[in-house]
Amino acid sequence: MRFSLNGHIVADSDAPILRWWGIPAACPADIRSALAENPADEEFVLEINSGGGSVFAGFEMYSLLRNASRQGVHTRAEVQSLAGSAASVVMAGADTAACSPVGQVMIHLPSTVTEGNQGVHRESVQMLESITESIIAAYESKVGGKTSHDALRRMMDRETFLSARAALDAGLIDEIIGEEQPGEPLNLNNIYNACGAVPDMDKLRAAYIAAQSQSQEPEPQPVSNLNTARKRAIAIAEAELRAVVV
């Protein structure tokens, strides 16, 4: 089942008001209802197109996705355009997070408005620091050690937009939509460039070097039958290209 998370992320009580004015909004109740309707044997796919909104509504959505996973429902987030701010936290709650090649993930520090004396402002600072740690906890759980706590904090400090590739490198997403994943059958067309019949020498050279370095034979043995030699070379190249072709 697929469900779209579009517009502002808001509390359940605010969503009807924004929608009455024609403003796109998403709330935790939407995710809760969608998960309840999701067939037990189907993956739940959440399409994300949102710049964020209420951090607490985002936390609730994150928790709903994590709970669904514990109950045996595989969840997948697909960033089609932007998963920003609170929406990036929701994204991190899915079992698998993917991003369109043109998508963006944005992370930054939480913000609030405070009115009052010094004590009130100090309380707000303490609250914002606590919320920051909660956000980082969600990211850390997702990245699995690819990016450190301190590095995540630095990216949040400067409000960082990450391309699909940068988000993948950071561990915030698991794949870029449309890219061949490790373990998939090798598409031999990948070793050819746009000229069609001309091989991509960089990829073939990398496969050749990998084959030579991993070979257990000290010296390649002469082969009298040309067809046998060709078949053997193709088999080796296919095996080694699986490790180097993306």
# chains A, B, ... in the order shown; residues from 1 in each chain; ligands from 1
call {"tool": "closest_atom_pairs", "arguments": {"of": "stretch 19-65 of chain A", "to": "stretch 130-138 of chain A", "cutoff": "9 Å", "atoms": "only C-alpha atoms", "output": "tab-separated table"}}
result
residue	atom	partner	partner_atom	distance
A:Val55	CA	A:Ile131	CA	8.3
A:Phe59	CA	A:Ile135	CA	8.4
A:Tyr62	CA	A:Ala138	CA	8.4
call {"tool": "write_last_selection", "arguments": {"atoms": "N, CA and C atoms", "output": "compact mmCIF listing (two decimals), in the first residue's frame"}}
result
# COMPACT_ATOMS: atom_id res chain seq x y z
N VAL A 55 7.62 19.36 15.10
CA VAL A 55 8.56 18.30 15.45
C VAL A 55 7.87 17.20 16.25
N PHE A 59 7.64 13.36 15.43
CA PHE A 59 8.05 12.29 16.35
C PHE A 59 6.98 11.20 16.44
N TYR A 62 7.11 9.13 13.33
CA TYR A 62 8.29 8.26 13.43
C TYR A 62 7.98 7.04 14.29
call {"tool": "residues_around", "arguments": {"residues": "A:Gly93", "least_positions_apart": "3", "cutoff": "9 Å", "atoms": "only C-alpha atoms", "output": "list in words"}}
result
Met61, Tyr62, Ser63, Leu64, Leu65, Arg66, Thr75, Arg76, Ala77, Ser88, Val89, Val90, Thr96, Ala97, Ala138, Tyr139, Ser141 and Lys142 of chain A
call {"tool": "closest_residue", "arguments": {"among": "A:Val125, A:Val105, A:Ala68, A:Ala94", "to": "A:Gln80", "atoms": "only C-alpha atoms"}}
result
A:Val105
call {"tool": "closest_atom_pairs", "arguments": {"of": "stretch 93-119 of chain A", "to": "stretch 171-176 of chain A", "cutoff": "6 Å", "atoms": "only C-alpha atoms", "output": "Markdown table"}}
result
| residue | atom | partner | partner_atom | distance |
| --- | --- | --- | --- | --- |
| A:Ala97 | CA | A:Ile173 | CA | 4.7 |
| A:Ala98 | CA | A:Glu175 | CA | 4.8 |
| A:Cys99 | CA | A:Ile176 | CA | 5.0 |
| A:Ser100 | CA | A:Ile176 | CA | 5.9 |
call {"tool": "select_by_dssp", "arguments": {"residues": "stretch 78-116 of chain A", "states": "alpha helix (DSSP H)", "output": "ChimeraX atom specification"}}
result
/A:86-92
call {"tool": "write_last_selection", "arguments": {"atoms": "N, CA, C and O atoms", "output": "PDB file, in the first residue's frame"}}
result
ATOM      1  N   ALA A  86      11.153  18.103  10.102  1.00  0.00           N
ATOM      2  CA  ALA A  86      10.418  17.013  10.738  1.00  0.00           C
ATOM      3  C   ALA A  86      10.147  15.862   9.780  1.00  0.00           C
ATOM      4  O   ALA A  86      10.066  14.699  10.194  1.00  0.00           O
ATOM      5  N   ALA A  87      10.033  16.156   8.481  1.00  0.00           N
ATOM      6  CA  ALA A  87       9.785  15.091   7.507  1.00  0.00           C
ATOM      7  C   ALA A  87      10.985  14.160   7.391  1.00  0.00           C
ATOM      8  O   ALA A  87      10.835  12.968   7.094  1.00  0.00           O
ATOM      9  N   SER A  88      12.198  14.685   7.633  1.00  0.00           N
ATOM     10  CA  SER A  88      13.379  13.821   7.593  1.00  0.00           C
ATOM     11  C   SER A  88      13.395  12.865   8.782  1.00  0.00           C
ATOM     12  O   SER A  88      13.923  11.751   8.688  1.00  0.00           O
ATOM     13  N   VAL A  89      12.801  13.291   9.891  1.00  0.00           N
ATOM     14  CA  VAL A  89      12.686  12.396  11.054  1.00  0.00           C
ATOM     15  C   VAL A  89      11.696  11.279  10.745  1.00  0.00           C
ATOM     16  O   VAL A  89      11.935  10.113  11.055  1.00  0.00           O
ATOM     17  N   VAL A  90      10.575  11.631  10.116  1.00  0.00           N
ATOM     18  CA  VAL A  90       9.593  10.614   9.710  1.00  0.00           C
ATOM     19  C   VAL A  90      10.256   9.606   8.779  1.00  0.00           C
ATOM     20  O   VAL A  90      10.105   8.389   8.933  1.00  0.00           O
ATOM     21  N   MET A  91      11.005  10.107   7.813  1.00  0.00           N
ATOM     22  CA  MET A  91      11.723   9.252   6.867  1.00  0.00           C
ATOM     23  C   MET A  91      12.623   8.257   7.598  1.00  0.00           C
ATOM     24  O   MET A  91      12.695   7.078   7.241  1.00  0.00           O
ATOM     25  N   ALA A  92      13.296   8.731   8.633  1.00  0.00           N
ATOM     26  CA  ALA A  92      14.230   7.881   9.379  1.00  0.00           C
ATOM     27  C   ALA A  92      13.528   6.764  10.134  1.00  0.00           C
ATOM     28  O   ALA A  92      14.174   5.795  10.548  1.00  0.00           O
TER      29      ALA A  92
END
call {"tool": "closest_residue", "arguments": {"among": "A:Gln71, A:Ser50, A:Asn6, A:Gln118", "to": "A:Ala36", "atoms": "only C-alpha atoms"}}
result
A:Gln71
call {"tool": "atom_distance", "arguments": {"atom1": "atom CA of A:Ala166", "atom2": "atom CA of A:Ile107"}}
result
12.4 Å
call {"tool": "atom_distance", "arguments": {"atom1": "atom CA of A:Gln126", "atom2": "atom CA of A:Thr160"}}
result
22.6 Å
